[in-house]
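J.: If it helps, the file is called upload06.pdb and holds PDB, C-alpha atoms and all ligand atoms:
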ATOM      1  CA  MET L   1     178.601 -32.146  19.373  1.00  0.00           C
ATOM      2  CA  ILE L   2     181.510 -33.682  21.299  1.00  0.00           C
ATOM      3  CA  ARG L   3     184.141 -35.188  19.015  1.00  0.00           C
ATOM      4  CA  ARG L   4     186.214 -37.637  20.980  1.00  0.00           C
ATOM      5  CA  LYS L   5     189.824 -37.897  19.907  1.00  0.00           C
ATOM      6  CA  LYS L   6     190.160 -41.644  19.979  1.00  0.00           C
ATOM      7  CA  ASN L   7     191.430 -43.915  17.211  1.00  0.00           C
ATOM      8  CA  ILE L   8     191.506 -41.044  14.744  1.00  0.00           C
ATOM      9  CA  THR L   9     192.819 -42.072  11.364  1.00  0.00           C
ATOM     10  CA  LEU L  10     191.423 -39.253   9.243  1.00  0.00           C
ATOM     11  CA  GLU L  11     191.699 -35.541   9.909  1.00  0.00           C
ATOM     12  CA  PHE L  12     189.765 -32.673   8.397  1.00  0.00           C
ATOM     13  CA  LYS L  13     190.569 -29.060   7.597  1.00  0.00           C
ATOM     14  CA  CYS L  14     188.277 -27.328   5.163  1.00  0.00           C
ATOM     15  CA  THR L  15     190.063 -25.758   2.195  1.00  0.00           C
ATOM     16  CA  ARG L  16     186.947 -23.757   1.245  1.00  0.00           C
ATOM     17  CA  CYS L  17     187.066 -25.286  -2.243  1.00  0.00           C
ATOM     18  CA  SER L  18     183.235 -25.495  -2.315  1.00  0.00           C
ATOM     19  CA  LEU L  19     183.236 -28.905  -3.986  1.00  0.00           C
ATOM     20  CA  CYS L  20     180.684 -30.155  -1.467  1.00  0.00           C
ATOM     21  CA  CYS L  21     178.400 -27.244  -2.448  1.00  0.00           C
ATOM     22  CA  ARG L  22     178.528 -28.431  -6.051  1.00  0.00           C
ATOM     23  CA  GLU L  23     177.585 -32.066  -5.613  1.00  0.00           C
ATOM     24  CA  LYS L  24     174.084 -32.937  -6.723  1.00  0.00           C
ATOM     25  CA  GLY L  25     171.641 -33.272  -3.862  1.00  0.00           C
ATOM     26  CA  TYR L  26     169.500 -31.417  -1.391  1.00  0.00           C
ATOM     27  CA  VAL L  27     170.477 -28.855   1.223  1.00  0.00           C
ATOM     28  CA  LEU L  28     167.824 -29.029   3.912  1.00  0.00           C
ATOM     29  CA  PHE L  29     166.887 -26.032   6.052  1.00  0.00           C
ATOM     30  CA  SER L  30     165.272 -26.482   9.457  1.00  0.00           C
ATOM     31  CA  LYS L  31     163.298 -23.642  11.059  1.00  0.00           C
ATOM     32  CA  SER L  32     166.339 -22.561  13.053  1.00  0.00           C
ATOM     33  CA  ASP L  33     168.546 -22.721   9.941  1.00  0.00           C
ATOM     34  CA  ILE L  34     166.134 -20.350   8.183  1.00  0.00           C
ATOM     35  CA  GLU L  35     165.989 -18.061  11.192  1.00  0.00           C
ATOM     36  CA  ARG L  36     169.792 -17.821  11.419  1.00  0.00           C
ATOM     37  CA  ALA L  37     170.382 -17.419   7.675  1.00  0.00           C
ATOM     38  CA  SER L  38     167.681 -14.813   7.166  1.00  0.00           C
ATOM     39  CA  LYS L  39     168.910 -12.772  10.117  1.00  0.00           C
ATOM     40  CA  TYR L  40     172.455 -12.943   8.720  1.00  0.00           C
ATOM     41  CA  LEU L  41     171.241 -11.518   5.407  1.00  0.00           C
ATOM     42  CA  ASN L  42     168.962  -8.976   7.077  1.00  0.00           C
ATOM     43  CA  LEU L  43     165.908 -10.502   5.485  1.00  0.00           C
ATOM     44  CA  THR L  44     162.699 -11.709   7.005  1.00  0.00           C
ATOM     45  CA  LYS L  45     162.320 -15.502   7.178  1.00  0.00           C
ATOM     46  CA  GLU L  46     159.546 -15.278   4.617  1.00  0.00           C
ATOM     47  CA  VAL L  47     161.584 -13.259   2.136  1.00  0.00           C
ATOM     48  CA  PHE L  48     164.606 -15.543   2.582  1.00  0.00           C
ATOM     49  CA  ALA L  49     162.488 -18.652   1.995  1.00  0.00           C
ATOM     50  CA  LYS L  50     160.748 -17.148  -1.008  1.00  0.00           C
ATOM     51  CA  LYS L  51     163.996 -15.978  -2.563  1.00  0.00           C
ATOM     52  CA  TYR L  52     166.164 -19.047  -2.046  1.00  0.00           C
ATOM     53  CA  LEU L  53     164.234 -22.109  -0.916  1.00  0.00           C
ATOM     54  CA  ASP L  54     161.837 -24.685  -2.283  1.00  0.00           C
ATOM     55  CA  TYR L  55     159.361 -26.547  -0.128  1.00  0.00           C
ATOM     56  CA  SER L  56     157.874 -30.022  -0.188  1.00  0.00           C
ATOM     57  CA  GLU L  57     155.889 -32.093   2.301  1.00  0.00           C
ATOM     58  CA  ALA L  58     158.623 -34.719   2.253  1.00  0.00           C
ATOM     59  CA  TYR L  59     161.696 -32.492   2.735  1.00  0.00           C
ATOM     60  CA  GLY L  60     160.370 -29.284   4.226  1.00  0.00           C
ATOM     61  CA  PHE L  61     162.445 -26.291   3.066  1.00  0.00           C
ATOM     62  CA  TYR L  62     165.419 -27.083   0.855  1.00  0.00           C
ATOM     63  CA  ILE L  63     167.727 -26.051  -1.958  1.00  0.00           C
ATOM     64  CA  GLU L  64     168.220 -28.552  -4.729  1.00  0.00           C
ATOM     65  CA  VAL L  65     171.713 -28.650  -6.198  1.00  0.00           C
ATOM     66  CA  LYS L  66     171.064 -29.823  -9.714  1.00  0.00           C
ATOM     67  CA  ASP L  67     174.508 -29.672 -11.298  1.00  0.00           C
ATOM     68  CA  SER L  68     178.093 -28.505 -10.832  1.00  0.00           C
ATOM     69  CA  ARG L  69     177.058 -24.853 -10.867  1.00  0.00           C
ATOM     70  CA  GLY L  70     176.232 -25.693  -7.277  1.00  0.00           C
ATOM     71  CA  CYS L  71     174.065 -24.325  -4.513  1.00  0.00           C
ATOM     72  CA  ILE L  72     172.371 -21.010  -5.303  1.00  0.00           C
ATOM     73  CA  LEU L  73     173.903 -19.550  -2.156  1.00  0.00           C
ATOM     74  CA  LEU L  74     177.398 -19.712  -3.639  1.00  0.00           C
ATOM     75  CA  ASP L  75     178.581 -16.341  -4.886  1.00  0.00           C
ATOM     76  CA  ASP L  76     180.826 -15.586  -7.883  1.00  0.00           C
ATOM     77  CA  ASP L  77     183.910 -15.845  -5.680  1.00  0.00           C
ATOM     78  CA  ASN L  78     183.007 -19.391  -4.670  1.00  0.00           C
ATOM     79  CA  ASN L  79     181.928 -18.396  -1.160  1.00  0.00           C
ATOM     80  CA  CYS L  80     178.710 -19.243   0.620  1.00  0.00           C
ATOM     81  CA  ILE L  81     176.783 -16.010   1.129  1.00  0.00           C
ATOM     82  CA  ILE L  82     175.648 -17.287   4.525  1.00  0.00           C
ATOM     83  CA  GLN L  83     179.103 -18.616   5.480  1.00  0.00           C
ATOM     84  CA  ASN L  84     178.775 -17.762   9.187  1.00  0.00           C
ATOM     85  CA  ALA L  85     175.146 -18.821   9.354  1.00  0.00           C
ATOM     86  CA  LYS L  86     175.075 -21.974   7.267  1.00  0.00           C
ATOM     87  CA  PRO L  87     172.471 -24.666   7.858  1.00  0.00           C
ATOM     88  CA  GLU L  88     173.486 -27.262  10.428  1.00  0.00           C
ATOM     89  CA  LYS L  89     173.975 -29.958   7.769  1.00  0.00           C
ATOM     90  CA  CYS L  90     176.558 -27.781   6.011  1.00  0.00           C
ATOM     91  CA  SER L  91     178.386 -26.594   9.106  1.00  0.00           C
ATOM     92  CA  SER L  92     178.633 -30.118  10.540  1.00  0.00           C
ATOM     93  CA  PHE L  93     179.944 -31.654   7.306  1.00  0.00           C
ATOM     94  CA  PRO L  94     181.778 -34.067   7.118  1.00  0.00           C
ATOM     95  CA  TYR L  95     181.023 -35.211  10.675  1.00  0.00           C
ATOM     96  CA  TRP L  96     177.688 -36.766   9.751  1.00  0.00           C
ATOM     97  CA  ASP L  97     176.506 -40.031  11.285  1.00  0.00           C
ATOM     98  CA  GLU L  98     176.883 -41.842   7.979  1.00  0.00           C
ATOM     99  CA  TYR L  99     180.560 -40.866   7.733  1.00  0.00           C
ATOM    100  CA  THR L 100     181.686 -41.351  11.321  1.00  0.00           C
ATOM    101  CA  ASP L 101     182.376 -44.270  13.629  1.00  0.00           C
ATOM    102  CA  SER L 102     180.883 -44.796  17.080  1.00  0.00           C
ATOM    103  CA  ASP L 103     183.495 -42.423  18.573  1.00  0.00           C
ATOM    104  CA  GLY L 104     182.440 -39.621  16.233  1.00  0.00           C
ATOM    105  CA  ASN L 105     185.633 -39.854  14.186  1.00  0.00           C
ATOM    106  CA  LEU L 106     185.665 -39.804  10.415  1.00  0.00           C
ATOM    107  CA  SER L 107     185.644 -43.321   9.115  1.00  0.00           C
ATOM    108  CA  ARG L 108     187.814 -44.249   6.159  1.00  0.00           C
ATOM    109  CA  LYS L 109     185.372 -47.019   5.330  1.00  0.00           C
ATOM    110  CA  LYS L 110     182.321 -44.762   5.347  1.00  0.00           C
ATOM    111  CA  PHE L 111     183.489 -41.447   3.939  1.00  0.00           C
ATOM    112  CA  ASP L 112     183.203 -41.526   0.157  1.00  0.00           C
ATOM    113  CA  ARG L 113     182.966 -37.885  -0.898  1.00  0.00           C
ATOM    114  CA  PRO L 114     185.511 -35.973  -2.999  1.00  0.00           C
ATOM    115  CA  CYS L 115     186.638 -33.619  -0.245  1.00  0.00           C
ATOM    116  CA  PRO L 116     190.248 -32.350  -0.409  1.00  0.00           C
ATOM    117  CA  GLY L 117     190.051 -31.292   3.226  1.00  0.00           C
ATOM    118  CA  ILE L 118     190.267 -34.895   4.419  1.00  0.00           C
ATOM    119  CA  TYR L 119     193.741 -36.256   5.021  1.00  0.00           C
ATOM    120  CA  GLU L 120     195.457 -39.116   6.769  1.00  0.00           C
ATOM    121  CA  LYS L 121     196.622 -38.496  10.312  1.00  0.00           C
ATOM    122  CA  LYS L 122     200.427 -38.533  10.513  1.00  0.00           C
TER
HETATM  123  S1  LIG X   1     184.670 -30.276  -0.204  1.00  0.00           S
HETATM  124 FE1  LIG X   1     185.659 -30.443   1.787  1.00  0.00          FE
HETATM  125  S2  LIG X   1     187.362 -28.966   1.730  1.00  0.00           S
HETATM  126 FE2  LIG X   1     185.963 -28.442   0.057  1.00  0.00          FE
HETATM  127  S3  LIG X   1     184.586 -26.881   0.954  1.00  0.00           S
HETATM  128 FE3  LIG X   1     183.610 -28.882   1.204  1.00  0.00          FE
HETATM  129  S4  LIG X   1     184.214 -29.542   3.267  1.00  0.00           S
HETATM  130 FE4  LIG X   1     185.637 -27.905   2.650  1.00  0.00          FE
HETATM  131  S1  LIG X   2     174.217 -23.309   2.032  1.00  0.00           S
HETATM  132 FE1  LIG X   2     176.299 -22.565   1.711  1.00  0.00          FE
HETATM  133  S2  LIG X   2     177.609 -24.178   2.569  1.00  0.00           S
HETATM  134 FE2  LIG X   2     175.585 -25.074   2.247  1.00  0.00          FE
HETATM  135  S3  LIG X   2     175.652 -26.014   0.212  1.00  0.00           S
HETATM  136 FE3  LIG X   2     174.847 -23.922  -0.027  1.00  0.00          FE
HETATM  137  S4  LIG X   2     176.633 -22.671  -0.480  1.00  0.00           S
HETATM  138 FE4  LIG X   2     177.379 -24.595   0.375  1.00  0.00          FE
END
Just dump the structure as structure tokens.
Ligand code: SF4
Ligand code: SF4

T.:
Amino acid sequence: MIRRKKNITLEFKCTRCSLCCREKGYVLFSKSDIERASKYLNLTKEVFAKKYLDYSEAYGFYIEVKDSRGCILLDDDNNCIIQNAKPEKCSSFPYWDEYTDSDGNLSRKKFDRPCPGIYEKK
């Protein structure tokens, strides 16, 4: 995705705090997300899905984060066990359509998550 550097008011640098992995919600996995993650863990797609994912007609494959213990792919050291092969929704956070303006920049008006990696441009 091209991020144009125009009218930027908010900047982002991930602190790896994992707060976003602990907010209640759903982490969706597309076919390519599953392929990448399973390869990264040296598992077959089937074993990866069976071990970590749920499935529904509405969502497809997903992980439900039910409470502040967070996503089941977080390890004891607070790291994602598929850090270099995260699903697209995780790796593109916080530059999601709902948080960005028409130039692809983070919007102060739209971004409402408790992320310490977001800061005002100086
Ligand atoms: S909450 Fe923000 S700073 Fe913390 S891990 Fe998530 S993206 Fe990075
Ligand atoms: S897959 Fe990794 S980055 Fe995404 S929510 Fe789970 S632990 Fe966090």

J.: What is the distance between atom CA of Lys89 of chain L and atom CA of Ser107 of chain L, in Å to one decimal?

T.: 17.8 Å

J.: Would you mind listing the residues within 7 Å of ligand LIG 1 (chain X), counting all atoms listed in the file, as a PyMOL selection string?

T.: chain L and resi 13-21+93-94+114-118

J.: Could you build a table of the residues in chain L lying no more than 12 Å from ligand LIG 2 (chain X), giving for each the nearest pair of atoms and their separation in Å rounded to one decimal place, using only C-alpha atoms and all ligand atoms, ordered by chain and ascending residue number, as CSV?

T.:
residue,atom,partner,partner_atom,distance
L:Cys14,CA,X:LIG2,S2,11.4
L:Arg16,CA,X:LIG2,S2,9.4
L:Cys17,CA,X:LIG2,FE4,10.1
L:Ser18,CA,X:LIG2,FE4,6.5
L:Leu19,CA,X:LIG2,FE4,8.5
L:Cys20,CA,X:LIG2,FE4,6.7
L:Cys21,CA,X:LIG2,FE4,4.0
L:Arg22,CA,X:LIG2,S3,7.3
L:Glu23,CA,X:LIG2,S3,8.6
L:Lys24,CA,X:LIG2,S3,9.9
L:Gly25,CA,X:LIG2,S3,9.2
L:Tyr26,CA,X:LIG2,S3,8.3
L:Val27,CA,X:LIG2,S3,6.0
L:Leu28,CA,X:LIG2,S1,8.8
L:Phe29,CA,X:LIG2,S1,8.8
L:Asp33,CA,X:LIG2,S1,9.7
L:Ile34,CA,X:LIG2,S1,10.6
L:Arg36,CA,X:LIG2,S1,11.7
L:Ala37,CA,X:LIG2,S1,9.0
L:Ser38,CA,X:LIG2,S1,11.9
L:Tyr52,CA,X:LIG2,S1,10.0
L:Leu53,CA,X:LIG2,S1,10.5
L:Tyr62,CA,X:LIG2,S1,9.6
L:Ile63,CA,X:LIG2,FE3,7.7
L:Glu64,CA,X:LIG2,S3,9.3
L:Val65,CA,X:LIG2,S3,8.0
L:Lys66,CA,X:LIG2,S3,11.6
L:Ser68,CA,X:LIG2,S3,11.6
L:Arg69,CA,X:LIG2,S4,10.6
L:Gly70,CA,X:LIG2,S4,7.4
L:Cys71,CA,X:LIG2,FE3,4.6
L:Ile72,CA,X:LIG2,FE3,6.5
L:Leu73,CA,X:LIG2,S4,4.5
L:Leu74,CA,X:LIG2,S4,4.4
L:Asp75,CA,X:LIG2,S4,8.0
L:Asp76,CA,X:LIG2,S4,11.1
L:Asp77,CA,X:LIG2,S4,11.3
L:Asn78,CA,X:LIG2,S4,8.3
L:Asn79,CA,X:LIG2,S4,6.8
L:Cys80,CA,X:LIG2,S4,4.2
L:Ile81,CA,X:LIG2,FE1,6.6
L:Ile82,CA,X:LIG2,FE1,6.0
L:Gln83,CA,X:LIG2,FE1,6.1
L:Asn84,CA,X:LIG2,FE1,9.2
L:Ala85,CA,X:LIG2,FE1,8.6
L:Lys86,CA,X:LIG2,S1,5.5
L:Pro87,CA,X:LIG2,S1,6.2
L:Glu88,CA,X:LIG2,FE2,8.7
L:Lys89,CA,X:LIG2,FE2,7.5
L:Cys90,CA,X:LIG2,FE2,4.7
L:Ser91,CA,X:LIG2,S2,7.0
L:Ser92,CA,X:LIG2,S2,10.0
L:Phe93,CA,X:LIG2,S2,9.2
L:Pro94,CA,X:LIG2,S2,11.7

J.: Taking all atoms listed in the file into account, name the residue in L:Thr44, L:Arg108, L:Ser30, L:Trp96 that is nearest to Tyr59 of chain L.

T.: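 Nearest candidate to Tyr59 of chain L out of L:Thr44, L:Arg108, L:Ser30, L:Trp96: L:Ser30.
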
J.: Between atom CA of Tyr95 of chain L and atom CA of Arg113 of chain L, what is the distance in Å, rounded to a tenth?

T.: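 These atoms are spaced 12.0 Å apart.
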
J.: To one decimal in Å, tell me the separation between atom CA of Tyr40 of chain L and atom CA of Gly60 of chain L.

T.: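 Going from atom CA of Tyr40 of chain L over to atom CA of Gly60 of chain L covers 20.8 Å.
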
J.: Please return, as a PDB file with C-alpha atoms, in the frame of the given file, all polymer residues that have at least one atom within 7 Å of the point (178.6, -42.7, 5.0); use only C-alpha atoms and the file's own coordinate frame.

T.:
ATOM      1  CA  GLU L  98     176.883 -41.842   7.979  1.00  0.00           C
ATOM      2  CA  TYR L  99     180.560 -40.866   7.733  1.00  0.00           C
ATOM      3  CA  LYS L 110     182.321 -44.762   5.347  1.00  0.00           C
ATOM      4  CA  PHE L 111     183.489 -41.447   3.939  1.00  0.00           C
ATOM      5  CA  ASP L 112     183.203 -41.526   0.157  1.00  0.00           C
TER       6      ASP L 112
END

J.: Compare L:Leu41, L:Phe61, L:Ser56, L:Asn105 by their minimum atom-to-atom distance to Lys121 of chain L, counting all atoms listed in the file, and give me the closest one.

T.: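 For Lys121 of chain L, the nearest of the given residues is L:Asn105.
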
J.: For segment 58-94 of chain L, supply N, CA and C atoms and format the output as a JSON list (two decimals), keeping the file's coordinate frame.

T.:
[["chain", "number", "residue", "atom", "x", "y", "z"],
["L", 58, "ALA", "N", 157.64, -33.70, 1.87],
["L", 58, "ALA", "CA", 158.62, -34.72, 2.25],
["L", 58, "ALA", "C", 159.88, -34.12, 2.87],
["L", 59, "TYR", "N", 160.41, -33.06, 2.29],
["L", 59, "TYR", "CA", 161.70, -32.49, 2.74],
["L", 59, "TYR", "C", 161.57, -31.27, 3.62],
["L", 60, "GLY", "N", 160.44, -30.59, 3.58],
["L", 60, "GLY", "CA", 160.37, -29.28, 4.23],
["L", 60, "GLY", "C", 161.05, -28.28, 3.31],
["L", 61, "PHE", "N", 161.76, -27.29, 3.89],
["L", 61, "PHE", "CA", 162.44, -26.29, 3.07],
["L", 61, "PHE", "C", 163.81, -26.82, 2.63],
["L", 62, "TYR", "N", 164.15, -26.56, 1.38],
["L", 62, "TYR", "CA", 165.42, -27.08, 0.86],
["L", 62, "TYR", "C", 165.88, -26.29, -0.37],
["L", 63, "ILE", "N", 167.17, -26.50, -0.68],
["L", 63, "ILE", "CA", 167.73, -26.05, -1.96],
["L", 63, "ILE", "C", 168.15, -27.31, -2.70],
["L", 64, "GLU", "N", 167.76, -27.41, -3.94],
["L", 64, "GLU", "CA", 168.22, -28.55, -4.73],
["L", 64, "GLU", "C", 169.44, -28.13, -5.53],
["L", 65, "VAL", "N", 170.52, -28.89, -5.37],
["L", 65, "VAL", "CA", 171.71, -28.65, -6.20],
["L", 65, "VAL", "C", 171.60, -29.59, -7.38],
["L", 66, "LYS", "N", 171.38, -29.00, -8.54],
["L", 66, "LYS", "CA", 171.06, -29.82, -9.71],
["L", 66, "LYS", "C", 172.29, -30.20, -10.55],
["L", 67, "ASP", "N", 173.32, -29.38, -10.49],
["L", 67, "ASP", "CA", 174.51, -29.67, -11.30],
["L", 67, "ASP", "C", 175.71, -28.96, -10.69],
["L", 68, "SER", "N", 176.84, -29.01, -11.41],
["L", 68, "SER", "CA", 178.09, -28.50, -10.83],
["L", 68, "SER", "C", 178.13, -26.98, -10.69],
["L", 69, "ARG", "N", 177.11, -26.29, -11.17],
["L", 69, "ARG", "CA", 177.06, -24.85, -10.87],
["L", 69, "ARG", "C", 176.83, -24.65, -9.37],
["L", 70, "GLY", "N", 176.27, -25.68, -8.73],
["L", 70, "GLY", "CA", 176.23, -25.69, -7.28],
["L", 70, "GLY", "C", 175.03, -25.02, -6.64],
["L", 71, "CYS", "N", 175.12, -24.91, -5.34],
["L", 71, "CYS", "CA", 174.06, -24.32, -4.51],
["L", 71, "CYS", "C", 173.87, -22.85, -4.90],
["L", 72, "ILE", "N", 172.62, -22.40, -4.91],
["L", 72, "ILE", "CA", 172.37, -21.01, -5.30],
["L", 72, "ILE", "C", 172.90, -20.00, -4.28],
["L", 73, "LEU", "N", 173.35, -20.48, -3.14],
["L", 73, "LEU", "CA", 173.90, -19.55, -2.16],
["L", 73, "LEU", "C", 175.42, -19.36, -2.30],
["L", 74, "LEU", "N", 175.98, -19.96, -3.35],
["L", 74, "LEU", "CA", 177.40, -19.71, -3.64],
["L", 74, "LEU", "C", 177.50, -18.43, -4.46],
["L", 75, "ASP", "N", 178.44, -17.57, -4.09],
["L", 75, "ASP", "CA", 178.58, -16.34, -4.89],
["L", 75, "ASP", "C", 179.64, -16.53, -5.98],
["L", 76, "ASP", "N", 179.90, -15.49, -6.75],
["L", 76, "ASP", "CA", 180.83, -15.59, -7.88],
["L", 76, "ASP", "C", 182.26, -15.87, -7.44],
["L", 77, "ASP", "N", 182.56, -15.57, -6.18],
["L", 77, "ASP", "CA", 183.91, -15.84, -5.68],
["L", 77, "ASP", "C", 184.00, -17.21, -5.01],
["L", 78, "ASN", "N", 182.98, -18.03, -5.21],
["L", 78, "ASN", "CA", 183.01, -19.39, -4.67],
["L", 78, "ASN", "C", 182.78, -19.45, -3.16],
["L", 79, "ASN", "N", 182.20, -18.41, -2.60],
["L", 79, "ASN", "CA", 181.93, -18.40, -1.16],
["L", 79, "ASN", "C", 180.43, -18.52, -0.90],
["L", 80, "CYS", "N", 180.11, -19.15, 0.21],
["L", 80, "CYS", "CA", 178.71, -19.24, 0.62],
["L", 80, "CYS", "C", 178.28, -17.88, 1.17],
["L", 81, "ILE", "N", 177.19, -17.35, 0.68],
["L", 81, "ILE", "CA", 176.78, -16.01, 1.13],
["L", 81, "ILE", "C", 176.25, -16.01, 2.56],
["L", 82, "ILE", "N", 176.03, -17.21, 3.11],
["L", 82, "ILE", "CA", 175.65, -17.29, 4.53],
["L", 82, "ILE", "C", 176.72, -18.07, 5.31],
["L", 83, "GLN", "N", 177.97, -17.86, 4.92],
["L", 83, "GLN", "CA", 179.10, -18.62, 5.48],
["L", 83, "GLN", "C", 179.05, -18.76, 7.01],
["L", 84, "ASN", "N", 178.78, -17.68, 7.72],
["L", 84, "ASN", "CA", 178.78, -17.76, 9.19],
["L", 84, "ASN", "C", 177.41, -18.11, 9.76],
["L", 85, "ALA", "N", 176.49, -18.46, 8.88],
["L", 85, "ALA", "CA", 175.15, -18.82, 9.35],
["L", 85, "ALA", "C", 174.58, -19.94, 8.48],
["L", 86, "LYS", "N", 175.48, -20.87, 8.14],
["L", 86, "LYS", "CA", 175.08, -21.97, 7.27],
["L", 86, "LYS", "C", 174.12, -22.92, 7.98],
["L", 87, "PRO", "N", 173.32, -23.67, 7.20],
["L", 87, "PRO", "CA", 172.47, -24.67, 7.86],
["L", 87, "PRO", "C", 173.32, -25.72, 8.57],
["L", 88, "GLU", "N", 172.75, -26.32, 9.58],
["L", 88, "GLU", "CA", 173.49, -27.26, 10.43],
["L", 88, "GLU", "C", 174.13, -28.38, 9.62],
["L", 89, "LYS", "N", 173.44, -28.87, 8.58],
["L", 89, "LYS", "CA", 173.98, -29.96, 7.77],
["L", 89, "LYS", "C", 175.27, -29.53, 7.07],
["L", 90, "CYS", "N", 175.35, -28.26, 6.67],
["L", 90, "CYS", "CA", 176.56, -27.78, 6.01],
["L", 90, "CYS", "C", 177.67, -27.55, 7.03],
["L", 91, "SER", "N", 177.32, -26.92, 8.15],
["L", 91, "SER", "CA", 178.39, -26.59, 9.11],
["L", 91, "SER", "C", 178.93, -27.84, 9.81],
["L", 92, "SER", "N", 178.14, -28.91, 9.85],
["L", 92, "SER", "CA", 178.63, -30.12, 10.54],
["L", 92, "SER", "C", 179.33, -31.09, 9.58],
["L", 93, "PHE", "N", 179.28, -30.79, 8.29],
["L", 93, "PHE", "CA", 179.94, -31.65, 7.31],
["L", 93, "PHE", "C", 181.45, -31.63, 7.54],
["L", 94, "PRO", "N", 182.19, -32.71, 7.49],
["L", 94, "PRO", "CA", 181.78, -34.07, 7.12],
["L", 94, "PRO", "C", 181.44, -34.97, 8.30]]
